[in-house]
Every structure is written in C-alpha cells, then in structure tokens.
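S.K.: I have a structure I would like to understand better, so I am pasting it below and will then ask my questions one at a time.
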Amino acid sequence: MALTIDFYSDTLCIWGWIGQYHNRKLLKRWDHTQVEWRFRYLELYGDVRARVEKNFKGEEAWDKYASAAERLVSKFEGLSVHPDIWRKTRPTTSLMAHQTIKAVEQTHGELAAIEYGNRVREAFFAEARDVSQASVLTELLKEQSIAHHDLTTHLQDGSALAQTITEFRQAEKDKIPGSPTWVMDNNRYRLFGNVKPEIIIATVDSLIAR
C-alpha cells in the first residue's frame, strides 16, 4: 500500500509557495505505488486585509508584507516573487480560489485539481494576478483547458464551497499547525513550516522502507 502524504497550505501563503517549490522536486522522486499525494487546504487568508494589517496599518503594512516575502524567497535558488504582490495586487481572500479548486476536483478529479491549484498559486506569486477575482480564476481555467461551464453546478449550488469548509474544519480538528504542513501515513507523522527537502525525503524513504 502506498504511503499517503497530505500537503496542507493556503494558496496565498508565501511559505505555501515555497512548499510548492519543494514539492516540484519531491513529486518526481517516488511513483504512485510508493506515495499517494493529496493536496489539502486550510484557511489563513480568508480575510486578507485583516491578516496583513494585524501589526501595521495602511500602506506600511502592505509594503512590509511584500518585503518579507521577497526576503524569504531570496534564500531559495530559482524562486522569486513578483514585485507587485501585496504592493499593487492585493487579493481580498483565498476562499474564491479554494472553492474553485474544489469544483475542479469534483468535476475533473484530484490530479487536475492539483495542477490547477499550483497554477493559481503561480499566477499570484510569479505573475501578480489577483486570484481572488472570479474573472482571473476563469482565465486560469481556460489556460488549463478546463471549461468553466463544467464547474458551474458545483459553484452555484454551494457544493464546492461546502467541501472547502469541510476541509478547513478537518484541518482544525486534526490540529494542522499551519501552512505548509506535510502529513504522512494518515496523520501519524508531520513536518511543518520551513522544512528542507532532504528532511522530507529521509522521512518518506524511512516510512516506505518499513
């Protein structure tokens, strides 16, 4: 039986962007018979302004947030952020993106949802596109060759939102510490935050070898 890895993050979390950067390498290391990846979401940026302005107010808060993101990614070779994020491009919430990802999962399966979720994150951090806007999320669907009308039922009847909230509550119930968190072997092992890929690899290899 394959080892399960649940990757928890918020689409607008800079550490989630770094986690995705690590995952690009990790996903290629093991095949589906060894590891089953499941991408999950938790709610950190439901109200972006409230989070950004927790310690500072106005333009100072947004500029400090942007500068902090730039400092963090500068430590990782090959990773960057667009200079306009937080300074000019200021999403209002991550919920719109999360429920659209769930609608993709409901209609096209988990692999398509993972790919779309990664594209949404890339659109914000690398291209400074406002992924809290329905029009931007629709554009990204087109880029992934996903027809928006396929998702309409799940977005309009609330089922995608319901699944999103259920996932948030499960993360709270399981006491997931934050974004990103790698949960392994059905919640028996956890790695959280700024985790080096080598640590993740060593942990997974040891669990597979049991």
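Here's how to read the names in the structure tokens: chain A, B, ... by the order shown, residue numbers from 1 in each chain, ligand numbers from 1 in the order shown.
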Please give the complete set of residues from segment 11-114 of chain A that DSSP, run on the backbone, assigns to helix (DSSP H, G or I), formatted as a ChimeraX atom specification.
M.R.: /A:14-26,48-52,58-73,95-108,110-114
S.K.: Filtering to N, CA and C atoms, could you give me those residues as a compact mmCIF listing (two decimals), in the first residue's frame?
M.R.:
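Final output, out.txt:
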# COMPACT_ATOMS: atom_id res chain seq x y z
N ILE A 14 2.99 32.62 1.57
CA ILE A 14 4.31 32.61 0.95
C ILE A 14 5.06 31.31 1.26
N TRP A 15 4.85 30.78 2.47
CA TRP A 15 5.50 29.51 2.80
C TRP A 15 4.89 28.36 2.01
N GLY A 16 3.60 28.48 1.66
CA GLY A 16 2.98 27.50 0.78
C GLY A 16 3.60 27.54 -0.61
N TRP A 17 3.95 28.74 -1.08
CA TRP A 17 4.64 28.90 -2.36
C TRP A 17 6.01 28.23 -2.31
N ILE A 18 6.70 28.40 -1.21
CA ILE A 18 7.99 27.73 -1.03
C ILE A 18 7.80 26.21 -0.94
N GLY A 19 6.75 25.79 -0.23
CA GLY A 19 6.45 24.36 -0.14
C GLY A 19 6.17 23.76 -1.50
N GLN A 20 5.44 24.49 -2.34
CA GLN A 20 5.17 24.01 -3.70
C GLN A 20 6.46 23.89 -4.49
N TYR A 21 7.37 24.82 -4.28
CA TYR A 21 8.69 24.79 -4.93
C TYR A 21 9.42 23.48 -4.56
N HIS A 22 9.36 23.11 -3.29
CA HIS A 22 9.98 21.85 -2.87
C HIS A 22 9.24 20.65 -3.48
N ASN A 23 7.92 20.73 -3.51
CA ASN A 23 7.13 19.60 -4.00
C ASN A 23 7.40 19.27 -5.46
N ARG A 24 7.77 20.27 -6.26
CA ARG A 24 8.07 20.01 -7.67
C ARG A 24 9.16 18.94 -7.80
N LYS A 25 10.12 18.99 -6.88
CA LYS A 25 11.20 18.01 -6.90
C LYS A 25 10.75 16.69 -6.26
N LEU A 26 9.98 16.79 -5.19
CA LEU A 26 9.58 15.60 -4.45
C LEU A 26 8.62 14.72 -5.24
N VAL A 48 -7.90 38.71 3.87
CA VAL A 48 -6.51 39.09 3.65
C VAL A 48 -6.14 40.37 4.39
N ARG A 49 -6.98 41.40 4.25
CA ARG A 49 -6.64 42.68 4.87
C ARG A 49 -6.45 42.53 6.39
N ALA A 50 -7.33 41.79 7.03
CA ALA A 50 -7.21 41.61 8.48
C ALA A 50 -5.89 40.95 8.84
N ARG A 51 -5.44 40.01 8.02
CA ARG A 51 -4.18 39.32 8.31
C ARG A 51 -2.98 40.22 8.06
N VAL A 52 -2.99 40.93 6.93
CA VAL A 52 -1.87 41.79 6.58
C VAL A 52 -1.72 42.95 7.57
N GLY A 58 -2.43 50.38 6.91
CA GLY A 58 -2.26 51.14 5.68
C GLY A 58 -1.15 50.64 4.79
N GLU A 59 -0.56 51.56 4.02
CA GLU A 59 0.46 51.19 3.04
C GLU A 59 1.68 50.56 3.68
N GLU A 60 2.00 50.99 4.89
CA GLU A 60 3.16 50.43 5.59
C GLU A 60 3.01 48.92 5.75
N ALA A 61 1.80 48.46 6.09
CA ALA A 61 1.56 47.04 6.30
C ALA A 61 1.78 46.25 5.02
N TRP A 62 1.24 46.74 3.91
CA TRP A 62 1.36 46.02 2.64
C TRP A 62 2.80 45.99 2.16
N ASP A 63 3.52 47.11 2.33
CA ASP A 63 4.91 47.14 1.89
C ASP A 63 5.78 46.21 2.74
N LYS A 64 5.54 46.18 4.03
CA LYS A 64 6.29 45.27 4.90
C LYS A 64 6.00 43.82 4.54
N TYR A 65 4.75 43.52 4.22
CA TYR A 65 4.38 42.16 3.84
C TYR A 65 5.10 41.75 2.55
N ALA A 66 5.13 42.66 1.59
CA ALA A 66 5.79 42.39 0.32
C ALA A 66 7.29 42.20 0.52
N SER A 67 7.89 43.06 1.33
CA SER A 67 9.33 42.97 1.57
C SER A 67 9.69 41.67 2.29
N ALA A 68 8.86 41.26 3.23
CA ALA A 68 9.11 40.00 3.93
C ALA A 68 9.07 38.82 2.97
N ALA A 69 8.11 38.82 2.04
CA ALA A 69 8.01 37.75 1.05
C ALA A 69 9.26 37.70 0.18
N GLU A 70 9.74 38.86 -0.22
CA GLU A 70 10.94 38.92 -1.06
C GLU A 70 12.16 38.40 -0.32
N ARG A 71 12.28 38.75 0.95
CA ARG A 71 13.42 38.26 1.74
C ARG A 71 13.39 36.75 1.87
N LEU A 72 12.21 36.21 2.09
CA LEU A 72 12.10 34.76 2.28
C LEU A 72 12.51 34.00 1.02
N VAL A 73 11.95 34.38 -0.12
CA VAL A 73 12.22 33.60 -1.34
C VAL A 73 13.64 33.81 -1.84
N LEU A 95 -10.49 32.30 -0.39
CA LEU A 95 -11.63 31.38 -0.43
C LEU A 95 -12.14 31.14 -1.84
N MET A 96 -12.14 32.18 -2.67
CA MET A 96 -12.60 32.03 -4.05
C MET A 96 -11.75 31.00 -4.80
N ALA A 97 -10.44 31.10 -4.61
CA ALA A 97 -9.53 30.15 -5.26
C ALA A 97 -9.74 28.74 -4.73
N HIS A 98 -9.87 28.62 -3.41
CA HIS A 98 -10.01 27.30 -2.81
C HIS A 98 -11.29 26.59 -3.25
N GLN A 99 -12.39 27.33 -3.33
CA GLN A 99 -13.62 26.66 -3.75
C GLN A 99 -13.59 26.33 -5.25
N THR A 100 -12.89 27.13 -6.04
CA THR A 100 -12.76 26.80 -7.47
C THR A 100 -11.90 25.55 -7.65
N ILE A 101 -10.86 25.43 -6.86
CA ILE A 101 -10.03 24.21 -6.89
C ILE A 101 -10.87 22.99 -6.54
N LYS A 102 -11.74 23.13 -5.54
CA LYS A 102 -12.61 22.01 -5.15
C LYS A 102 -13.62 21.69 -6.25
N ALA A 103 -14.10 22.70 -6.95
CA ALA A 103 -15.01 22.45 -8.07
C ALA A 103 -14.30 21.68 -9.18
N VAL A 104 -13.03 22.01 -9.42
CA VAL A 104 -12.24 21.27 -10.40
C VAL A 104 -12.09 19.81 -9.95
N GLU A 105 -11.82 19.61 -8.68
CA GLU A 105 -11.67 18.26 -8.14
C GLU A 105 -12.96 17.46 -8.31
N GLN A 106 -14.10 18.10 -8.06
CA GLN A 106 -15.38 17.41 -8.17
C GLN A 106 -15.72 17.01 -9.61
N THR A 107 -15.25 17.80 -10.57
CA THR A 107 -15.60 17.55 -11.97
C THR A 107 -14.52 16.83 -12.77
N HIS A 108 -13.25 17.07 -12.42
CA HIS A 108 -12.15 16.54 -13.24
C HIS A 108 -11.16 15.66 -12.46
N GLU A 110 -8.71 14.64 -8.79
CA GLU A 110 -7.72 15.25 -7.91
C GLU A 110 -6.47 15.72 -8.64
N LEU A 111 -6.03 14.99 -9.64
CA LEU A 111 -4.82 15.40 -10.37
C LEU A 111 -5.03 16.74 -11.05
N ALA A 112 -6.18 16.91 -11.70
CA ALA A 112 -6.49 18.19 -12.35
C ALA A 112 -6.57 19.31 -11.32
N ALA A 113 -7.12 19.00 -10.15
CA ALA A 113 -7.23 20.00 -9.09
C ALA A 113 -5.85 20.40 -8.57
N ILE A 114 -4.95 19.45 -8.44
CA ILE A 114 -3.59 19.75 -8.00
C ILE A 114 -2.90 20.67 -9.01
S.K.: Show which residues sit within 12 Å of Arg190 of chain A, as an MDAnalysis selection string. Count only C-alpha atoms, and ignore same-chain residues fewer than 3 positions away.
M.R.: chainID A and resid 4:8 174:187 193 195 199:200 203:204
S.K.: Show me, as a list in words, the residues that have an atom within 6 Å of segment 78-85 of chain A when counting only C-alpha atoms, minus same-chain residues fewer than 2 positions from it.
M.R.: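 In the requested form, the answer reads Val73, Phe76, Arg87, Lys88, Thr89, Phe125, Ala126, Glu127 and Ala128 of chain A.
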S.K.: Take the residues that were just selected and, keeping N, CA and C atoms, output them as an mmCIF file, in the first residue's frame.
M.R.:
data_model
loop_
_atom_site.group_PDB
_atom_site.id
_atom_site.type_symbol
_atom_site.label_atom_id
_atom_site.label_comp_id
_atom_site.auth_asym_id
_atom_site.auth_seq_id
_atom_site.Cartn_x
_atom_site.Cartn_y
_atom_site.Cartn_z
ATOM 1 N N VAL A 73 11.951 34.382 -0.122
ATOM 2 C CA VAL A 73 12.221 33.604 -1.341
ATOM 3 C C VAL A 73 13.644 33.809 -1.839
ATOM 4 N N PHE A 76 16.088 30.929 -1.603
ATOM 5 C CA PHE A 76 15.892 29.701 -2.369
ATOM 6 C C PHE A 76 16.241 29.949 -3.833
ATOM 7 N N ARG A 87 1.926 44.904 -2.844
ATOM 8 C CA ARG A 87 2.053 46.352 -3.039
ATOM 9 C C ARG A 87 0.954 46.888 -3.951
ATOM 10 N N LYS A 88 0.739 46.210 -5.085
ATOM 11 C CA LYS A 88 -0.293 46.638 -6.028
ATOM 12 C C LYS A 88 -1.409 45.604 -6.175
ATOM 13 N N THR A 89 -1.021 44.339 -6.259
ATOM 14 C CA THR A 89 -2.006 43.270 -6.372
ATOM 15 C C THR A 89 -2.334 42.770 -4.979
ATOM 16 N N PHE A 125 1.894 34.619 -7.172
ATOM 17 C CA PHE A 125 3.237 34.929 -6.700
ATOM 18 C C PHE A 125 4.206 35.287 -7.824
ATOM 19 N N ALA A 126 4.099 34.657 -8.982
ATOM 20 C CA ALA A 126 5.046 34.909 -10.071
ATOM 21 C C ALA A 126 4.559 35.958 -11.066
ATOM 22 N N GLU A 127 3.215 36.101 -11.177
ATOM 23 C CA GLU A 127 2.671 36.992 -12.209
ATOM 24 C C GLU A 127 1.845 38.142 -11.649
ATOM 25 N N ALA A 128 1.650 38.166 -10.346
ATOM 26 C CA ALA A 128 0.890 39.233 -9.681
ATOM 27 C C ALA A 128 -0.524 39.374 -10.238
#
